Protein chains: 2
Amino acid sequence: MKKTISQTIPTDFERIFHPQNIAIIGVSAKDGGTGFGSGMFRALKAMGFDGKIFPVNPKGGNLDELQIYKQVEDIPEKVDFAIITVAAKLVPEVLEGCRQKGIEGAQILSSGFSELGTQAGKELEKKIQQIAAAGIRVVGPNCFGIYCPKSGLTLLPGPDLSRQTGSVAFLSQSGGMAIDLAHKGKWMGIRFSKVVSFGNGADLRETELLQYLADDPETKVISMYIEGIKDGDAFFESIKYTSKKKPVIVCKGGLSQAGQRTVASHTASMGGSRVIWQSVLKQVNAISVQDLNELAEAALAFSLLPSGIFKNISVIGGGGALGVSACDAAEALGIEIPLFSTEQQESIGKFLPKPGSSAINPIDVANPFVPPQALKEILLQAAKDSRVDLQIIVSLLYHYKVMATAMGLKVAQVAPFRELADAIRDVVKTTGKPVVVVLPNPKKGLDDLDLTEMLVLARREFLERGLPVFDELPDALRAIGHVNGYFGQRNADNE
Amino acid sequence: MKKTISQTIPTDFERIFHPQNIAIIGVSAKDGGTGFGSGMFRALKAMGFDGKIFPVNPKGGNLDELQIYKQVEDIPEKVDFAIITVAAKLVPEVLEGCRQKGIEGAQILSSGFSELGTQAGKELEKKIQQIAAAGIRVVGPNCFGIYCPKSGLTLLPGPDLSRQTGSVAFLSQSGGMAIDLAHKGKWMGIRFSKVVSFGNGADLRETELLQYLADDPETKVISMYIEGIKDGDAFFESIKYTSKKKPVIVCKGGLSQAGQRTVASHTASMGGSRVIWQSVLKQVNAISVQDLNELAEAALAFSLLPSGIFKNISVIGGGGALGVSACDAAEALGIEIPLFSTEQQESIGKFLPKPGSSAINPIDVANPFVPPQALKEILLQAAKDSRVDLQIIVSLLYHYKVMATAMGLKVAQVAPFRELADAIRDVVKTTGKPVVVVLPNPKKGLDDLDLTEMLVLARREFLERGLPVFDELPDALRAIGHVNGYFGQRNADNE
């Protein structure tokens with residue numbers, strides 16, 4: 001591992017991600033403070049951060065019965081981590097105070113540094129780097145900070161993120177991407193170990209954070225949004241090392257001309273050509289994704305599916321066109337949907353309504369009201385084909401809305417989503433083969449808000465049973481394709 | 001135009017799509033009938049179908065105070081259209097009765113024909129073709145029928161489709177695709193002239209329906225889901241003719257090997273190779289899409305944007321990464337996001353919060369709470385660049401959830417979505433340049449159902465003002481790319 005300039009003493013990342021106490025520098029004494037500092041204070045309270053919080057503001061005063069210290073140096077205890085939200089020009093002095101106080105790390109949420117493109121901005125950022133090198137680790141500036149569900153650290157403005165900890169890490173040059181993914185993860189079922197929005201990355205940034213995560217036992221899947229990298233050789237050495245241990249999903253922004261221009265004003269980084277990036281990412285077996293949704297879906301698949309390759313799958317759904325689409329999308333990803341034997345088609349067919357259904361694989365159940373117990377039998381039968389590595393069920397729960405309306409009920413009272421979740425969990429237990437759920441919803445208007453709610457509840461039930469859920473079949477297939485691609489290459493490299 | 005065998009007398013499509021009265025053959029006398037016939041009867045009632053409905057069942061009886069006729073021939077009035085839902089083996093006799101009654105067209109919802117792959121199924125379908133050729137037009141069998149908002153005809157099972165008529169037609173071999181698109185259209189803002197699920201297409205199918213729509217004044221945009229075509233030459237002649245008049249969006253299923261196998265059991269059609277399809281569609285200037293979402297988004301763009309090419313755009317959003325992504329996605333589609341002049345950046349910058357914002361294009365508003373009036377000024381300023389053909393605003397309304405929670409309110413009480421819709425409509429009026437709205441939502445969990453509801457309300461407000469709305473920026477760009485591709489080629493062909 002390469003050492004950065006500040007690593008004369010190894011960084012104690014434990015104090016940064018799981019601080020016993022923190023200082024927030026730049027809170028407003030007024031309750032209704034609208035600045036970043038007061039926002040972070042309220043957000044940490046809402047998240048139930050376990051440690052002590054020391055608010056800091058030169059004006060002093062009180063906040064929620066807490067004394068506001070005039071400067072960090074006045075805090076009578078050891079402090080692990082600092083959140084700095086003061087105006088850019090004041091940041092160096094405040095950061096130096098933190099360093100002298102023995103604080104291990106600070107996140108600087110303030111903007112107004114190198115991303116401005118001005119000489120003054122660049123000089124301020126250089127000062128930050130010099131102070132960091134003298135002995136304090138810095139996340140930012142121009143960032144949304146750290147989210148760590150285990151400790152209760154949260155991003156700006158994230159009072160409502162999940163406290164459930166998990167195996168997915170996200171490193172993001174963009175604060176917006178970080179907060180969006182943290183929110184998406186909450187309902188999609190992605191549980192995070194650590195999310196770091198590092199903005200301009202004056203000190204801690206992609207390479208060193210990746211090195212840390214490579215050996216972090218809490219992290220099993222790493223995802224990244226990068227606009228530009230500082231030291232290409234070190235980064236690719238690091239990603240190569242890491243990819244051998246765990247999947248690294250990379251979304252690279254700024255591969256277009258206009259994108260590079262925008263990158264410069266966003267996080268003051270240099271982009272890089274599309275072709276070079278794609279070939280290098282392939283070479284190091286990183287998983288390359290186009291946007292945040294694809295990244296989120298890949299992270300979900302890597303975190304909830306067992307490690308392995310799912311070359312042959314069965315697909316159970318309703319409507320022949322869905323099966324046709326499944327085949328088309330699967331083929332493009334190198335996934336096969338093998339034709340079942342006549343014998344097996346017959347055993348599956350026993351549980352299918354007639355006419356209109358088909359058991360060839362994809363299985364077309366024809367009628368959306370096939371009960372969960374029958375779907376369970378169909379899945380059990382389909383899994384008997386030894387070629388099948390994984391099953392996808394496209395749930396047609398949204399069709400229950402018509403039935404509910406006819407009965408004068410809300411759809412959650414009618415749709416058997418809990419029974420279906422139980423049935424699928426039982427299939428996974430019995431067969432040892434994972435099942436992926438697709439939960440489409442073509443009805444999202446005002447008349448169908450109860451349907452939206454039911455599907456949110458259904459998703460939760462599936463996730464609680466360890467079943468990954470995707471909105472659409474192509475999304476699920478693409479995510480499985482990423483898992484196959486990664487483990488296929490890793491296995492080949494190990495041979 | 002080629003004539004099909006049955007066109008010795010021209011088809012009166014008016015009687016088929018806007019029938020004065022219809023017979024439903026196969027209703028159950030019992031109120032709670034669960035078959036297709038009773039389902040269609042209830043669906044048509046729920047849709048408020050304007051004409052008379054004559055229920056038919058050999059057992060006779062009454063349904064909702066209506067007499068059930070034992071056979072079509074007993075109905076004492078002229079009948080325009082029939083819906084046939086009886087078991088497959090009874091269909092030929094029933095259809096022949098309809099023909100003798102002088103009914104113009106019938107949709108056969110029953111399955112159990114050529115899609116079974118059996119000799120018996122094929123023979124039954126051949127009989128349907130023979131009767132059709134003798135003088136009645138047939139939609140189906142093995143289909144979900146016709147949806148026509150103007151007349152109130154609806155698909156199976158569609159009691160809850162929109163009655164708002166519009167300019168988009170959809171022809172679909174798949175019933176599932178037809179009903180899904182009809183539902184998606186309802187909240188996405190796609191308004192339909194005619195949707196036809198034609199299933200096995202024993203009589204009326206892609207080519208002839210396309211010819212009809214080419215000259216249908218109600219239809220301005222045509223979309224299709226095709227699994228296989230019957231007469232390739234006639235179809236491509238027809239699509240070439242049609243594409244010169246209006247856009248034809250084509251989603252072709254079954255381009256993979258497994259997909260072709262599934263097509264055979266679904267609608268008994270033959271697929272065709274991916275390469276051939278793609279090159280032919282390109283040659284005739286049809287818009288080729290991969291899936292139903294891409295089709296829906298393209299249809300929305302074609303129906304709500306003025307005819308033309310939008311080569312240069314401005315993008316207004318929040319967060320630098322969003323701008324970076326916009327540039328990357330736009331470049332791949334040949335759309336440019338031109339850098340604004342320093343002068344213009346300054347005039348835009350007056351309305352932007354500092355620091356953290358950027359006015360270079362994409363415009364990063366930095367703070368999600370920039371009021372609608374300021375966004376209006378920013379859009380007005382950006383439109384002053386004569387290169388800008390269209391503007392995209394990525395609305396950050398979802399951020400108001402945090403504010404609402406802090407205030408103890410529902411987000412719809414706090415987020416200024418109506419003001420924003422008014423402001424954008426005013427910009428379009430003033431500048432004459434279309435504005436496309438992107439309405440992302442990373443928060444879709446149980447705690448955020450009020451946010452989902454607010455965004456549904458917001459979408460409706462935007463749509464009511466003629467503003468197309470997309471979920472994600474790449475979706476919007478892709479749809480604009482389709483519009484550019486179509487009109488670019490059409491203009492080149494006309495030169």
# chains A, B, ... in the order shown; residues from 1 in each chain; ligands from 1
>>> residues_around(residues="stretch 186-191 of chain A", least_positions_apart="4", cutoff="9 Å", atoms="only C-alpha atoms", output="MDAnalysis selection string")
(chainID A and resid 149 161:169 181:182 296:297 299:300 303:304 456 459:460 463:464 468:470) or (chainID B and resid 442:446)
>>> residues_around(residues="B:Gln373", least_positions_apart="3", cutoff="7 Å", atoms="only C-alpha atoms", output="list in words")
Lys376, Glu377 and Ala423 of chain B
>>> write_last_selection(atoms="all heavy atoms", output="PDB file, in the first residue's frame")
ATOM      1  N   LYS B 376     -38.022  30.599 -12.540  1.00  0.00           N
ATOM      2  CA  LYS B 376     -38.602  31.180 -13.745  1.00  0.00           C
ATOM      3  C   LYS B 376     -37.616  32.157 -14.394  1.00  0.00           C
ATOM      4  O   LYS B 376     -37.393  32.119 -15.613  1.00  0.00           O
ATOM      5  CB  LYS B 376     -39.899  31.906 -13.374  1.00  0.00           C
ATOM      6  CG  LYS B 376     -40.616  32.570 -14.527  1.00  0.00           C
ATOM      7  CD  LYS B 376     -41.923  33.184 -14.050  1.00  0.00           C
ATOM      8  CE  LYS B 376     -42.555  34.056 -15.119  1.00  0.00           C
ATOM      9  NZ  LYS B 376     -43.850  34.605 -14.656  1.00  0.00           N
ATOM     10  N   GLU B 377     -37.025  33.016 -13.595  1.00  0.00           N
ATOM     11  CA  GLU B 377     -36.062  33.978 -14.128  1.00  0.00           C
ATOM     12  C   GLU B 377     -34.854  33.263 -14.741  1.00  0.00           C
ATOM     13  O   GLU B 377     -34.341  33.664 -15.790  1.00  0.00           O
ATOM     14  CB  GLU B 377     -35.601  34.943 -13.026  1.00  0.00           C
ATOM     15  CG  GLU B 377     -36.697  35.852 -12.489  1.00  0.00           C
ATOM     16  CD  GLU B 377     -37.305  36.758 -13.556  1.00  0.00           C
ATOM     17  OE1 GLU B 377     -36.595  37.087 -14.535  1.00  0.00           O
ATOM     18  OE2 GLU B 377     -38.492  37.125 -13.428  1.00  0.00           O
ATOM     19  N   ALA B 423     -45.067  28.777 -13.191  1.00  0.00           N
ATOM     20  CA  ALA B 423     -43.864  29.498 -13.610  1.00  0.00           C
ATOM     21  C   ALA B 423     -43.303  28.913 -14.897  1.00  0.00           C
ATOM     22  O   ALA B 423     -42.950  29.643 -15.830  1.00  0.00           O
ATOM     23  CB  ALA B 423     -42.812  29.447 -12.494  1.00  0.00           C
TER      24      ALA B 423
END
>>> atom_distance(atom1="atom CA of B:Pro474", atom2="atom CA of B:Ala329")
6.3 Å
>>> residues_around(residues="A:Ser325", least_positions_apart="2", cutoff="9 Å", atoms="only C-alpha atoms", output="PDB file with all heavy atoms, in the first residue's frame")
ATOM      1  N   GLY A 320     -47.382 -13.534 -22.029  1.00  0.00           N
ATOM      2  CA  GLY A 320     -46.343 -14.087 -22.882  1.00  0.00           C
ATOM      3  C   GLY A 320     -45.279 -13.069 -23.245  1.00  0.00           C
ATOM      4  O   GLY A 320     -44.101 -13.396 -23.353  1.00  0.00           O
ATOM      5  N   ALA A 321     -45.679 -11.808 -23.399  1.00  0.00           N
ATOM      6  CA  ALA A 321     -44.722 -10.796 -23.828  1.00  0.00           C
ATOM      7  C   ALA A 321     -43.637 -10.611 -22.788  1.00  0.00           C
ATOM      8  O   ALA A 321     -42.481 -10.340 -23.109  1.00  0.00           O
ATOM      9  CB  ALA A 321     -45.428  -9.470 -24.081  1.00  0.00           C
ATOM     10  N   LEU A 322     -44.016 -10.778 -21.526  1.00  0.00           N
ATOM     11  CA  LEU A 322     -43.040 -10.646 -20.470  1.00  0.00           C
ATOM     12  C   LEU A 322     -41.961 -11.709 -20.618  1.00  0.00           C
ATOM     13  O   LEU A 322     -40.771 -11.436 -20.453  1.00  0.00           O
ATOM     14  CB  LEU A 322     -43.765 -10.786 -19.133  1.00  0.00           C
ATOM     15  CG  LEU A 322     -42.922 -10.404 -17.964  1.00  0.00           C
ATOM     16  CD1 LEU A 322     -43.693  -9.447 -17.092  1.00  0.00           C
ATOM     17  CD2 LEU A 322     -42.526 -11.634 -17.199  1.00  0.00           C
ATOM     18  N   GLY A 323     -42.383 -12.915 -20.949  1.00  0.00           N
ATOM     19  CA  GLY A 323     -41.418 -13.976 -21.171  1.00  0.00           C
ATOM     20  C   GLY A 323     -40.527 -13.689 -22.367  1.00  0.00           C
ATOM     21  O   GLY A 323     -39.320 -13.913 -22.332  1.00  0.00           O
ATOM     22  N   CYS A 327     -36.389 -13.193 -22.316  1.00  0.00           N
ATOM     23  CA  CYS A 327     -35.432 -13.926 -23.134  1.00  0.00           C
ATOM     24  C   CYS A 327     -34.528 -12.973 -23.896  1.00  0.00           C
ATOM     25  O   CYS A 327     -33.315 -13.170 -23.973  1.00  0.00           O
ATOM     26  CB  CYS A 327     -36.172 -14.823 -24.121  1.00  0.00           C
ATOM     27  SG  CYS A 327     -37.088 -16.133 -23.316  1.00  0.00           S
ATOM     28  N   ASP A 328     -35.130 -11.940 -24.461  1.00  0.00           N
ATOM     29  CA  ASP A 328     -34.342 -10.987 -25.241  1.00  0.00           C
ATOM     30  C   ASP A 328     -33.288 -10.314 -24.369  1.00  0.00           C
ATOM     31  O   ASP A 328     -32.124 -10.200 -24.741  1.00  0.00           O
ATOM     32  CB  ASP A 328     -35.254  -9.917 -25.864  1.00  0.00           C
ATOM     33  CG  ASP A 328     -36.132 -10.487 -26.974  1.00  0.00           C
ATOM     34  OD1 ASP A 328     -35.893 -11.634 -27.388  1.00  0.00           O
ATOM     35  OD2 ASP A 328     -37.055  -9.788 -27.415  1.00  0.00           O
ATOM     36  N   ALA A 329     -33.722  -9.853 -23.193  1.00  0.00           N
ATOM     37  CA  ALA A 329     -32.796  -9.148 -22.314  1.00  0.00           C
ATOM     38  C   ALA A 329     -31.734 -10.093 -21.767  1.00  0.00           C
ATOM     39  O   ALA A 329     -30.563  -9.731 -21.648  1.00  0.00           O
ATOM     40  CB  ALA A 329     -33.561  -8.498 -21.160  1.00  0.00           C
ATOM     41  N   ALA A 330     -32.129 -11.316 -21.442  1.00  0.00           N
ATOM     42  CA  ALA A 330     -31.182 -12.280 -20.876  1.00  0.00           C
ATOM     43  C   ALA A 330     -30.098 -12.633 -21.878  1.00  0.00           C
ATOM     44  O   ALA A 330     -28.919 -12.661 -21.548  1.00  0.00           O
ATOM     45  CB  ALA A 330     -31.931 -13.540 -20.423  1.00  0.00           C
ATOM     46  N   LEU A 473     -38.168  -6.248 -14.821  1.00  0.00           N
ATOM     47  CA  LEU A 473     -37.373  -7.424 -15.166  1.00  0.00           C
ATOM     48  C   LEU A 473     -36.005  -7.083 -15.775  1.00  0.00           C
ATOM     49  O   LEU A 473     -34.997  -7.682 -15.376  1.00  0.00           O
ATOM     50  CB  LEU A 473     -38.195  -8.318 -16.106  1.00  0.00           C
ATOM     51  CG  LEU A 473     -37.569  -9.643 -16.504  1.00  0.00           C
ATOM     52  CD1 LEU A 473     -37.229 -10.488 -15.286  1.00  0.00           C
ATOM     53  CD2 LEU A 473     -38.512 -10.411 -17.422  1.00  0.00           C
ATOM     54  N   PRO A 474     -35.933  -6.132 -16.711  1.00  0.00           N
ATOM     55  CA  PRO A 474     -34.600  -5.821 -17.263  1.00  0.00           C
ATOM     56  C   PRO A 474     -33.618  -5.349 -16.189  1.00  0.00           C
ATOM     57  O   PRO A 474     -32.427  -5.640 -16.266  1.00  0.00           O
ATOM     58  CB  PRO A 474     -34.878  -4.700 -18.280  1.00  0.00           C
ATOM     59  CG  PRO A 474     -36.311  -4.843 -18.648  1.00  0.00           C
ATOM     60  CD  PRO A 474     -36.994  -5.370 -17.420  1.00  0.00           C
TER      61      PRO A 474
ATOM     62  N   GLY B 253     -40.321  -7.664 -29.940  1.00  0.00           N
ATOM     63  CA  GLY B 253     -39.987  -8.733 -29.012  1.00  0.00           C
ATOM     64  C   GLY B 253     -39.571  -9.981 -29.756  1.00  0.00           C
ATOM     65  O   GLY B 253     -39.964 -10.193 -30.905  1.00  0.00           O
ATOM     66  N   GLY B 254     -38.779 -10.826 -29.099  1.00  0.00           N
ATOM     67  CA  GLY B 254     -38.437 -12.118 -29.685  1.00  0.00           C
ATOM     68  C   GLY B 254     -37.256 -12.076 -30.615  1.00  0.00           C
ATOM     69  O   GLY B 254     -37.199 -12.813 -31.593  1.00  0.00           O
ATOM     70  N   LEU B 255     -36.293 -11.214 -30.322  1.00  0.00           N
ATOM     71  CA  LEU B 255     -35.119 -11.145 -31.179  1.00  0.00           C
ATOM     72  C   LEU B 255     -34.003 -12.069 -30.696  1.00  0.00           C
ATOM     73  O   LEU B 255     -32.973 -12.184 -31.329  1.00  0.00           O
ATOM     74  CB  LEU B 255     -34.624  -9.692 -31.285  1.00  0.00           C
ATOM     75  CG  LEU B 255     -35.575  -8.755 -32.046  1.00  0.00           C
ATOM     76  CD1 LEU B 255     -35.050  -7.336 -32.054  1.00  0.00           C
ATOM     77  CD2 LEU B 255     -35.782  -9.236 -33.482  1.00  0.00           C
ATOM     78  N   GLY B 259     -36.262 -16.118 -27.023  1.00  0.00           N
ATOM     79  CA  GLY B 259     -37.406 -15.240 -27.254  1.00  0.00           C
ATOM     80  C   GLY B 259     -38.259 -15.734 -28.401  1.00  0.00           C
ATOM     81  O   GLY B 259     -39.482 -15.708 -28.341  1.00  0.00           O
ATOM     82  N   GLN B 290     -36.352  -0.504 -26.903  1.00  0.00           N
ATOM     83  CA  GLN B 290     -36.022  -1.804 -26.308  1.00  0.00           C
ATOM     84  C   GLN B 290     -37.129  -2.385 -25.447  1.00  0.00           C
ATOM     85  O   GLN B 290     -37.237  -3.591 -25.298  1.00  0.00           O
ATOM     86  CB  GLN B 290     -34.772  -1.665 -25.418  1.00  0.00           C
ATOM     87  CG  GLN B 290     -33.512  -1.319 -26.162  1.00  0.00           C
ATOM     88  CD  GLN B 290     -33.157  -2.321 -27.228  1.00  0.00           C
ATOM     89  OE1 GLN B 290     -33.114  -3.508 -26.976  1.00  0.00           O
ATOM     90  NE2 GLN B 290     -32.952  -1.855 -28.452  1.00  0.00           N
ATOM     91  N   ASP B 291     -37.883  -1.527 -24.806  1.00  0.00           N
ATOM     92  CA  ASP B 291     -38.892  -2.060 -23.887  1.00  0.00           C
ATOM     93  C   ASP B 291     -40.058  -1.081 -23.752  1.00  0.00           C
ATOM     94  O   ASP B 291     -40.057   0.007 -24.349  1.00  0.00           O
ATOM     95  CB  ASP B 291     -38.282  -2.375 -22.517  1.00  0.00           C
ATOM     96  CG  ASP B 291     -37.572  -1.183 -21.908  1.00  0.00           C
ATOM     97  OD1 ASP B 291     -38.110  -0.055 -21.998  1.00  0.00           O
ATOM     98  OD2 ASP B 291     -36.493  -1.362 -21.332  1.00  0.00           O
TER      99      ASP B 291
END
>>> closest_residue(among="B:Asn285, B:Ser110, B:Thr242, B:Gln260", to="B:Thr219", atoms="only C-alpha atoms")
B:Thr242
>>> residues_around(residues="A:Glu96", least_positions_apart="6", cutoff="12 Å", atoms="only C-alpha atoms", output="list of chain:residue names")
A:Gln71, A:Val72, A:Glu73, A:Ala82, A:Ile84, A:Leu90, A:Gly102, A:Ile103, A:Glu104, A:Gly105, A:Ala106, A:Lys127, A:Ile128, A:Gln129, A:Gln130, A:Ile131, A:Ala132, A:Ala133, A:Ala134, A:Gly135, A:Ile136, A:Arg137, A:Val138
>>> select_by_dssp(residues="stretch 196-286 of chain B", states="helix (DSSP H, G or I)", output="ChimeraX atom specification")
/B:206-214,232-245,257-267,274-283
>>> residues_around(residues="B:Ile222", least_positions_apart="4", cutoff="8 Å", atoms="only C-alpha atoms", output="VMD selection string")
chain B and resid 168 to 171 213 246 to 249 299
>>> select_by_dssp(residues="stretch 79-273 of chain B", states="strand (DSSP E or B)", output="MDAnalysis selection string")
chainID B and resid 81:84 105:108 137:139 145:148 153 165:172 192:197 221:226 248:252
>>> write_last_selection(atoms="N, CA and C atoms", output="short mmCIF file (atom, residue, chain, number, x, y, z; two decimals), in the first residue's frame")
data_model
loop_
_atom_site.label_atom_id
_atom_site.label_comp_id
_atom_site.auth_asym_id
_atom_site.auth_seq_id
_atom_site.Cartn_x
_atom_site.Cartn_y
_atom_site.Cartn_z
N PHE B 81 -70.60 -3.96 -33.15
CA PHE B 81 -69.36 -4.60 -32.71
C PHE B 81 -69.70 -5.70 -31.70
N ALA B 82 -68.90 -6.77 -31.72
CA ALA B 82 -69.15 -7.87 -30.78
C ALA B 82 -67.88 -8.19 -30.00
N ILE B 83 -68.10 -8.57 -28.75
CA ILE B 83 -66.99 -9.03 -27.90
C ILE B 83 -67.27 -10.50 -27.61
N ILE B 84 -66.37 -11.37 -28.05
CA ILE B 84 -66.61 -12.81 -27.93
C ILE B 84 -65.68 -13.39 -26.88
N GLY B 105 -67.44 -5.80 -36.85
CA GLY B 105 -66.21 -6.38 -36.33
C GLY B 105 -66.43 -7.06 -34.99
N ALA B 106 -65.52 -7.99 -34.65
CA ALA B 106 -65.61 -8.69 -33.37
C ALA B 106 -64.22 -8.84 -32.79
N GLN B 107 -64.12 -8.68 -31.48
CA GLN B 107 -62.85 -9.02 -30.83
C GLN B 107 -63.05 -10.32 -30.07
N ILE B 108 -62.13 -11.24 -30.28
CA ILE B 108 -62.23 -12.56 -29.65
C ILE B 108 -61.20 -12.62 -28.53
N ARG B 137 -64.79 -8.27 -39.66
CA ARG B 137 -63.39 -8.07 -39.26
C ARG B 137 -63.20 -8.59 -37.85
N VAL B 138 -62.03 -9.23 -37.61
CA VAL B 138 -61.77 -9.87 -36.32
C VAL B 138 -60.50 -9.31 -35.69
N VAL B 139 -60.61 -8.95 -34.42
CA VAL B 139 -59.46 -8.61 -33.57
C VAL B 139 -59.23 -9.80 -32.65
N GLY B 145 -58.31 -7.07 -26.70
CA GLY B 145 -59.28 -6.23 -27.39
C GLY B 145 -58.85 -4.80 -27.65
N ILE B 146 -59.87 -3.96 -27.76
CA ILE B 146 -59.67 -2.56 -28.16
C ILE B 146 -59.95 -1.62 -27.00
N TYR B 147 -59.07 -0.61 -26.86
CA TYR B 147 -59.32 0.50 -25.92
C TYR B 147 -59.43 1.76 -26.75
N CYS B 148 -60.57 2.44 -26.60
CA CYS B 148 -60.78 3.69 -27.32
C CYS B 148 -61.44 4.68 -26.36
N LEU B 153 -64.77 2.05 -25.24
CA LEU B 153 -64.33 0.65 -25.34
C LEU B 153 -63.09 0.49 -24.48
N THR B 165 -59.26 11.42 -24.38
CA THR B 165 -58.76 11.00 -25.69
C THR B 165 -57.52 11.80 -26.05
N GLY B 166 -56.72 11.24 -26.95
CA GLY B 166 -55.48 11.91 -27.32
C GLY B 166 -54.96 11.43 -28.66
N SER B 167 -53.66 11.62 -28.87
CA SER B 167 -53.12 11.45 -30.22
C SER B 167 -52.27 10.20 -30.41
N VAL B 168 -52.12 9.40 -29.35
CA VAL B 168 -51.21 8.25 -29.44
C VAL B 168 -51.98 6.95 -29.68
N ALA B 169 -51.57 6.21 -30.69
CA ALA B 169 -52.14 4.88 -30.92
C ALA B 169 -51.12 3.82 -30.53
N PHE B 170 -51.62 2.68 -30.10
CA PHE B 170 -50.73 1.56 -29.76
C PHE B 170 -51.32 0.28 -30.33
N LEU B 171 -50.53 -0.41 -31.12
CA LEU B 171 -50.90 -1.71 -31.66
C LEU B 171 -50.04 -2.76 -30.98
N SER B 172 -50.64 -3.78 -30.39
CA SER B 172 -49.84 -4.71 -29.61
C SER B 172 -50.28 -6.15 -29.82
N PHE B 192 -54.56 8.49 -25.46
CA PHE B 192 -54.63 7.58 -26.59
C PHE B 192 -55.79 7.89 -27.53
N SER B 193 -55.55 7.67 -28.81
CA SER B 193 -56.64 7.65 -29.78
C SER B 193 -57.23 6.24 -29.80
N LYS B 194 -56.39 5.25 -30.02
CA LYS B 194 -56.82 3.86 -30.09
C LYS B 194 -55.71 2.93 -29.63
N VAL B 195 -56.06 1.96 -28.82
CA VAL B 195 -55.12 0.90 -28.47
C VAL B 195 -55.75 -0.41 -28.93
N VAL B 196 -54.99 -1.20 -29.67
CA VAL B 196 -55.52 -2.49 -30.14
C VAL B 196 -54.58 -3.60 -29.73
N SER B 197 -55.07 -4.50 -28.87
CA SER B 197 -54.37 -5.74 -28.57
C SER B 197 -54.91 -6.78 -29.54
N VAL B 221 -49.28 9.94 -33.35
CA VAL B 221 -48.10 9.15 -32.99
C VAL B 221 -48.54 7.69 -32.93
N ILE B 222 -47.78 6.82 -33.57
CA ILE B 222 -48.14 5.40 -33.55
C ILE B 222 -47.06 4.62 -32.82
N SER B 223 -47.47 3.76 -31.92
CA SER B 223 -46.51 2.89 -31.25
C SER B 223 -46.96 1.45 -31.41
N MET B 224 -45.99 0.54 -31.43
CA MET B 224 -46.32 -0.86 -31.69
C MET B 224 -45.45 -1.79 -30.86
N TYR B 225 -46.06 -2.86 -30.37
CA TYR B 225 -45.27 -3.99 -29.86
C TYR B 225 -45.56 -5.17 -30.77
N ILE B 226 -44.51 -5.63 -31.43
CA ILE B 226 -44.67 -6.71 -32.40
C ILE B 226 -43.81 -7.89 -31.99
N VAL B 248 -43.53 6.40 -36.04
CA VAL B 248 -43.94 5.04 -35.69
C VAL B 248 -42.87 4.46 -34.77
N ILE B 249 -43.25 4.22 -33.52
CA ILE B 249 -42.33 3.69 -32.51
C ILE B 249 -42.54 2.18 -32.44
N VAL B 250 -41.44 1.43 -32.58
CA VAL B 250 -41.58 -0.03 -32.65
C VAL B 250 -40.75 -0.71 -31.56
N CYS B 251 -41.42 -1.53 -30.77
CA CYS B 251 -40.73 -2.42 -29.84
C CYS B 251 -40.90 -3.83 -30.39
N LYS B 252 -39.78 -4.44 -30.75
CA LYS B 252 -39.86 -5.77 -31.36
C LYS B 252 -39.41 -6.80 -30.35
#
>>> residues_around(residues="stretch 59-67 of chain B", least_positions_apart="5", cutoff="12 Å", atoms="only C-alpha atoms", output="ChimeraX atom specification")
/B:23-33,37-38,41-42,45,52-54,72,74-76
>>> closest_residue(among="A:Leu116, A:Ile393, A:Ala286, A:Cys98", to="chain B", atoms="only C-alpha atoms")
A:Leu116
>>> residues_around(residues="A:Glu331", least_positions_apart="3", cutoff="8 Å", atoms="only C-alpha atoms", output="ChimeraX atom specification")
/A:327-328,334-336 /B:256-258
>>> closest_residue(among="A:Ala202, A:Ala374, A:Tyr486, A:Pro368", to="A:Gly349", atoms="only C-alpha atoms")
A:Ala374
>>> closest_residue(among="B:Asp231, B:Glu115, B:Asp493, B:Asp12", to="chain A", atoms="only C-alpha atoms")
B:Glu115
